[in-house]
Amino acid sequence: MKKWHIVFDVDKCIGCYTCLLSCKDEHVGNNWLPYTDCQRKNDQKWIVMEKRDRGSYPRMDVAYRPKMCNHCAAAPCAANAPESVVKREDGVVLLNPARAKDKPELVNACPYGNISWNEEVGAAQKCTFCAHLLDDGWEEPRCVQSCPLKALRVVRLEDAEFKKLAKSKGLRAIIPEAAGPRVYYKNLQRFDKCFVAGEVAYYDHETETCAKNAEVRLFKDGNAVSKVRTNAFGDFRFEAVEPSSGKYTIEAELPGRGKASVSLQIDDSSVDIGTLYVK
Amino acid sequence: MNLNLNEIFDKVMFGGTMFALDKTLNLLAATFPEFKKELSKRDIRVQLKLRDNSFGRLLIFKKGNVKSKGGVFPDADITMQFENWDIARRLTFIIRDQMAFVNAAKTGSLVLEGKDEDSDWFSSLLLKVFAAPVIYGKVYGTKMPNGEMRYVNGSNGGAVFVYVKNGRIVRITPIDFDDKDAAPWTIEAKGKRFTPPKRTTVSPHTMACKSLVYSPDRILYPMKRVDFDPNGERNYENRGVSGYERISWEEAYDIVSKEIIRVRQTYGPGAVFHTSGSHHTWGNVGYYTSITRRFFNCIGATLDARNPDSWEGFAWGAVHHYGGSARNGGAEYYNTVEDCMQNSEMIVFWSADPESTSGVYGAAEGTVRRAWLKELGIDVVHIDPFFNCTAHFTGGRWIAPRPGSDTALAVAIAYVWIKEGLYDREYVATRTHGFDAWAKYVTGEDDGIPKTPEWQEKETGVPARVVTALAREWGSKRTYLAAGALHSFGGAGRQAYGTEWAGAMVCLIAMQGWGKPGVNFGCLQHGTPLDTHFYFPGYAEGGMSGDYIATGAGVNVYNRMPQSPSVNSNQQAIPRIRIPEAIMDRKTEAHIAGVYSQNSQFLTMKYPLPGHNPCKMYYKFGGSHIGTQPNSNRFVNMYRCDSLEFVVNQSIWMEGETRFSDVILPACTNFERWDIAETANCGGYIEKAYLQNNHRVIHIQHKCIEPLGESKPDFEIYSELANRLGLGQVLNEGNTDYDWVQRVYQASDMPKVMGWIEFLQKGYYVVPPLPGDRRDPVAYRWFHDAKKKDTPELTPLPSEYYGRYGEGLQTQTGLFEFESETLKRFAPDDDERPPIVKYIPSWEGYSSEARKHFPLQLISTHPRYSFHTMQDGKKGFMNEIAEHRLRIDGFDYWICRMNPKDAASRGLKALDIVELFNDRGSVLCGLEITERISEGVIHAHESCADYRPVGEPGKSADRNGCINILTPSKPLSKHAHGIAPNSCLVEVRKWDESRAGSKQAAAGKTGERQREAL
């Protein structure tokens, strides 16, 4: 049977939080028993938007990543608390509202922190994939329906087909694949990898000038791992560099003007080497 | 007696209608219990008759039943009198002949006598006969298979479906179009085809609407300040401090109507002052330029004269170089989306963040198009001290000049272009005037200072090489300039000498050949290829105001929607930027930017007018000013002085200024009343603003639920007050809000494409876009090509052309004026707004003396998530967005963003509660530490909704985040009287809770500059 999946594209997210707000709109003040009881208005989120700033002026970016129940095929919560978890044929994983009552320990049944405790109703809760709407004929859960650029979208495929798709499109999950997550991410490198950026300039007589179209190469252990060209401002950027991956060297060359190089260390954050003057 | 056939027809029809009326009413009462309830409201005798008493019929209403008998009786409670048979027949039988109705009322051919509330009840009852199947039969909306009803409504951020069950809103969603809705347009550009998706988008705040409808901060019944006694002690000094007690609507109406009469009879014209926020809940009938305007016209209120606060730099500066006064100095935008996509190679966003502001009302419609930028290969540059949301969405070079220095950067760009010949010499020679004068300033020929990239570096902090690189790119690529997120907004225009920045923006575009393919203003936000021929009024077009002079009604609404005229006979007004001074000092003056001509801003508006009294009563609509107006402790002080004898606030929520009133009238949201509108159509403010959308969506605003508690539609509140002032029929023409909604529909082109009942059921209509070969001409292409203006709008006015009509720009020369003839005439020696654009260092900026004490420059941009004050706070969903407010120790703090270096030097950490202060006041915020803001500058959005002082109002810190407490009330410059909140110096320190209780809760100098001269 086809299973519901969510695919999130980091590049298409503008950080509007409409997903969070529509989740609140659907679940706060409405109980959808037997699917789920109401969500709390404050201090409880079934979809958590994480934000990551990288770099600094003038070369930085901001990326978002929603975190929610992954509706895992091999759901750890089902293994940890089988009596409280319902695994549907369409892939959706639900907490049985009656059996999740008075069991705060269920919060720990999800190793990825996607089950939360609702004090008001005294039950453990999580994202339901808006299963009550899907069963009513909706084609998408609320977070997807309201997403302006469809950074969030649903994909309904057999497990094997989805795996093929994920592989061909470079989709990744943020929890171990072994759990069989059904939430995947595209362009995730913008969130969890580093960039190395900088600017190349030169002196035209006395005048500092941006080096347009300079060739910049990134070396690791003496091997060139990537090559880019600078834009009109002399800016360059290497994407998707592994965090904590150690020492690198950058070499820049602008034909007719000269060369320059610099060494750097990648720890857990992106690096802007500043201005590199070729001569 | 000579009877002709027409008279026989009239007699039969009218007589028959009258004979059948009681039976019809009883039948409707038997069918619809709610109609029966309405009928039971009054035991009353209604006489219908001809003026000469030759025909009469008496309706006797008793206990929800109606009987009638023929004849004329002297003891009726109300009398509806028709001039003759013809009028009687026309008005009763074809009651929807609005023109006949309005004419009859105007000429006295239709007279309704009796107590206002009775007359009003009876005339709206007659209209309910027609509306009953809809209102009581509930034939509107779509029934869903699960038993929910799906209605349509609108918001400041897009049209929505509203699902309702058991009288409660279940959910609010964007609209996915169905198969019958029109297919969207396609733009072919650079070998690709681009089509927007078939759905509406919404702004974040729209998705929070349900939580605001059911907010615990809703005002659910009328209230009176506990120590306010209209017949005794008023204790005005306790406004903002003492609490409120519940009163009945009767008592509230009684106090307010008697106070209106008392102050008017005691003090004469203009004694009642009224203002509202600039933005209201969505809908043409409920908008404040509609019934609110008519009500305050009827009582001759003093209104506020508004500065164009979103446009300041353009309205006071750019307008003098090229015109555009009808758009407050903003540029045309017709078909610029297609032109930009097909012909431009770069977009420079300068003080422009459409992802945060949605243009205005534009939801995420432009976002969909900006997502195409990469595919189109259009390069992007962002110039903004803050790494804004659009910058992180589109990528591109980020350039962060110091606040207040943007003009220096712009002038240096012109310098490079002049020196390197990177501009359109032919265009400058043939389509512009006075370039040499500006070029002399730019090159330093006139003052000995060449405005080189190196020169600007000292002012802006931006390396010279970056400016040179930008100038070369821009000078060699077809470039669109987004100066502000719509076509001419921008925070850089809301600061000291913002006139020069906006002027510089139009000068730069003129140098590149404004109107040439690929060279224009815009950022794919405005100017989609939609059908501009299909008429539907904008929400600020005057609605049912009848005011064809002071609103936009004169353009279309007044002649398409017959209604009795309305004029405010009182000409006294208060410049909005000086409201507190006007009230406290009882006098003020300022320049006002008019829209008909840029020349009108040279006049000075004085208050009070000769022979008029200063205002004594303030009827405030909503509570936004403390959040939105600069130096806003001024407003707190104003409310707590004795100049205002009575303050009434009509508001949906308890917030901001509402806490400073004597009587509070609870209004309901637009989800609880009828209205009608088009998404993002704020015609009346901005012509064809719907061109921000991917689709023209015209929609009904169903009354989705009953008003909460005892709250009421604004329409009803004004009608009830009008009844007590004898103005009932004058105000609403005996119509309910539902009737007026239908009249707006009839005034539009909608009846041609969709019947009323179908419209009520489906709820919306998508206007099909025109085919590719019928799209509007591109903005200013006509000017570039030296042709007659061909873009679809009525402005400039004929008298604004000094040469032949329709040829050239709205300037004296008809050319683009680098050297402005209007400014040369008005004040050629004004060193704060010279005839050519100059860079003038800010009066409160990087090089100011005050920076010794307050070393940080604060920029306060429009909020990303709320819509000004709307949807902020009030314990709604918006508080759950950690980028909107930060929850610290259980309180949701407004956010201040600071560079890590500035935080480190002050010993501050993320999530600290910090105090932002200067000598105007003090505001508490939660601290976010981020590289998105440069060193020496801090960022906080403006427009927090509520004001929660930690101690004495006006003299202590505000815990809730009204950033405008810190911003200057000083205008842009001595003759440019717009607001300049982005010229603001502050210091930041960790908040010490022990200061909360003391009078000196804020900085020692607090309050010194709460009074700033013009």
# chains A, B, ... in the order shown; residues from 1 in each chain; ligands from 1
$ select_by_dssp --residues "region 50-137 of chain A" --states "helix (DSSP H, G or I)" --output "PyMOL selection string"
chain A and resi 76-80+82-84+104-109+131-134
$ interface_residues --of "chain B" --to "chain A" --cutoff "7 Å" --atoms "only C-alpha atoms" --output "ChimeraX atom specification"
/B:170-171,173-174,201,204,207-208,210,364,368,392-393,398-399,465-466,469,877,880,931
$ select_by_dssp --residues "region 103-216 of chain A" --states "strand (DSSP E)" --output "MDAnalysis selection string"
chainID A and resid 116:118 123:125 152:157 183:186 194:204 207:210 215:216
$ atom_distance --atom1 "CA of Pro111 (chain A)" --atom2 "CA of Ile175 (chain A)"
9.3 Å
$ closest_residue --among "A:Ala173, A:Ser226, A:Asn96, A:Val262" --to "Gly274 (chain A)" --atoms "only C-alpha atoms"
A:Val262
$ residues_around --residues "Ala214 (chain A)" --least-positions-apart "2" --cutoff "7 Å" --atoms "only C-alpha atoms" --output "mmCIF file with N, CA and C atoms, in the first residue's frame"
data_model
loop_
_atom_site.group_PDB
_atom_site.id
_atom_site.type_symbol
_atom_site.label_atom_id
_atom_site.label_comp_id
_atom_site.auth_asym_id
_atom_site.auth_seq_id
_atom_site.Cartn_x
_atom_site.Cartn_y
_atom_site.Cartn_z
ATOM 1 N N ALA A 211 37.871 41.390 -7.297
ATOM 2 C CA ALA A 211 38.374 40.512 -8.359
ATOM 3 C C ALA A 211 37.233 39.683 -8.915
ATOM 4 N N LYS A 212 36.668 40.141 -10.016
ATOM 5 C CA LYS A 212 35.565 39.434 -10.648
ATOM 6 C C LYS A 212 36.103 38.248 -11.435
ATOM 7 N N VAL A 216 38.843 30.168 -7.733
ATOM 8 C CA VAL A 216 39.183 29.871 -6.340
ATOM 9 C C VAL A 216 39.054 28.368 -6.135
ATOM 10 N N ARG A 229 34.116 30.158 -9.157
ATOM 11 C CA ARG A 229 34.579 31.453 -9.645
ATOM 12 C C ARG A 229 33.920 32.563 -8.839
ATOM 13 N N THR A 230 34.629 33.669 -8.681
ATOM 14 C CA THR A 230 34.079 34.780 -7.909
ATOM 15 C C THR A 230 33.048 35.532 -8.747
ATOM 16 N N ALA A 252 43.482 31.324 -4.683
ATOM 17 C CA ALA A 252 42.727 32.157 -5.621
ATOM 18 C C ALA A 252 43.680 32.657 -6.689
ATOM 19 N N GLU A 253 43.145 32.752 -7.913
ATOM 20 C CA GLU A 253 43.973 33.258 -8.999
ATOM 21 C C GLU A 253 43.141 34.110 -9.935
ATOM 22 N N LEU A 254 43.650 35.303 -10.219
ATOM 23 C CA LEU A 254 43.009 36.152 -11.216
ATOM 24 C C LEU A 254 44.040 36.397 -12.310
#
$ residues_around --residues "Ala224 (chain A)" --least-positions-apart "2" --cutoff "10 Å" --atoms "only C-alpha atoms" --output "PyMOL selection string"
chain A and resi 217-222+226-227+248-251
$ closest_residue --among "B:Ala590, B:Arg246, B:Val381, B:Tyr558" --to "Ser290 (chain B)" --atoms "only C-alpha atoms"
B:Tyr558
$ atom_distance --atom1 "CA of Val225 (chain A)" --atom2 "CA of Lys279 (chain A)"
23.6 Å
$ closest_residue --among "A:Val241, A:Cys69, A:Ala178, A:Leu133" --to "Gly113 (chain A)" --atoms "only C-alpha atoms"
A:Cys69
$ residues_around --residues "Arg369 (chain B)" --least-positions-apart "2" --cutoff "10 Å" --atoms "only C-alpha atoms" --output "short mmCIF file (atom, residue, chain, number, x, y, z; two decimals) with N, CA and C atoms, in the first residue's frame"
data_model
loop_
_atom_site.label_atom_id
_atom_site.label_comp_id
_atom_site.auth_asym_id
_atom_site.auth_seq_id
_atom_site.Cartn_x
_atom_site.Cartn_y
_atom_site.Cartn_z
N LEU A 149 5.29 28.11 -0.66
CA LEU A 149 6.07 27.62 -1.80
C LEU A 149 6.08 26.10 -1.88
N PHE B 194 6.54 30.38 -17.18
CA PHE B 194 6.30 30.48 -15.75
C PHE B 194 4.81 30.73 -15.47
N THR B 195 4.23 29.89 -14.64
CA THR B 195 2.81 30.01 -14.29
C THR B 195 2.65 29.86 -12.78
N PRO B 196 1.94 30.75 -12.16
CA PRO B 196 1.74 30.60 -10.70
C PRO B 196 0.75 29.48 -10.38
N VAL B 337 6.20 42.93 -13.87
CA VAL B 337 6.64 41.56 -13.55
C VAL B 337 7.12 40.87 -14.82
N MET B 341 11.02 39.95 -15.72
CA MET B 341 11.41 38.56 -15.98
C MET B 341 12.03 38.40 -17.36
N ALA B 364 1.77 35.79 0.32
CA ALA B 364 3.05 35.28 -0.19
C ALA B 364 2.99 35.19 -1.70
N GLU B 365 2.19 36.06 -2.31
CA GLU B 365 2.01 36.01 -3.76
C GLU B 365 3.30 36.32 -4.51
N GLY B 366 4.02 37.34 -4.06
CA GLY B 366 5.28 37.70 -4.71
C GLY B 366 6.37 36.68 -4.44
N THR B 367 6.28 36.00 -3.31
CA THR B 367 7.26 34.98 -2.96
C THR B 367 7.33 33.91 -4.04
N ALA B 371 10.76 33.13 -6.25
CA ALA B 371 11.37 31.80 -6.30
C ALA B 371 11.85 31.48 -7.72
N TRP B 372 11.39 32.24 -8.72
CA TRP B 372 11.82 32.00 -10.11
C TRP B 372 13.14 32.70 -10.44
N LEU B 373 13.62 33.57 -9.55
CA LEU B 373 14.78 34.41 -9.88
C LEU B 373 15.99 33.60 -10.32
N CYS B 523 10.35 44.50 -7.75
CA CYS B 523 11.08 43.29 -7.35
C CYS B 523 10.16 42.08 -7.54
N LEU B 524 9.40 42.09 -8.63
CA LEU B 524 8.41 41.04 -8.92
C LEU B 524 7.29 41.04 -7.89
N GLN B 525 7.15 42.12 -7.11
CA GLN B 525 6.11 42.16 -6.11
C GLN B 525 4.81 42.73 -6.68
N THR B 528 1.64 42.29 -11.87
CA THR B 528 1.39 41.01 -12.56
C THR B 528 0.44 41.25 -13.73
N ASN B 694 -1.20 36.86 -7.75
CA ASN B 694 -1.14 35.99 -8.91
C ASN B 694 -2.52 35.80 -9.52
#
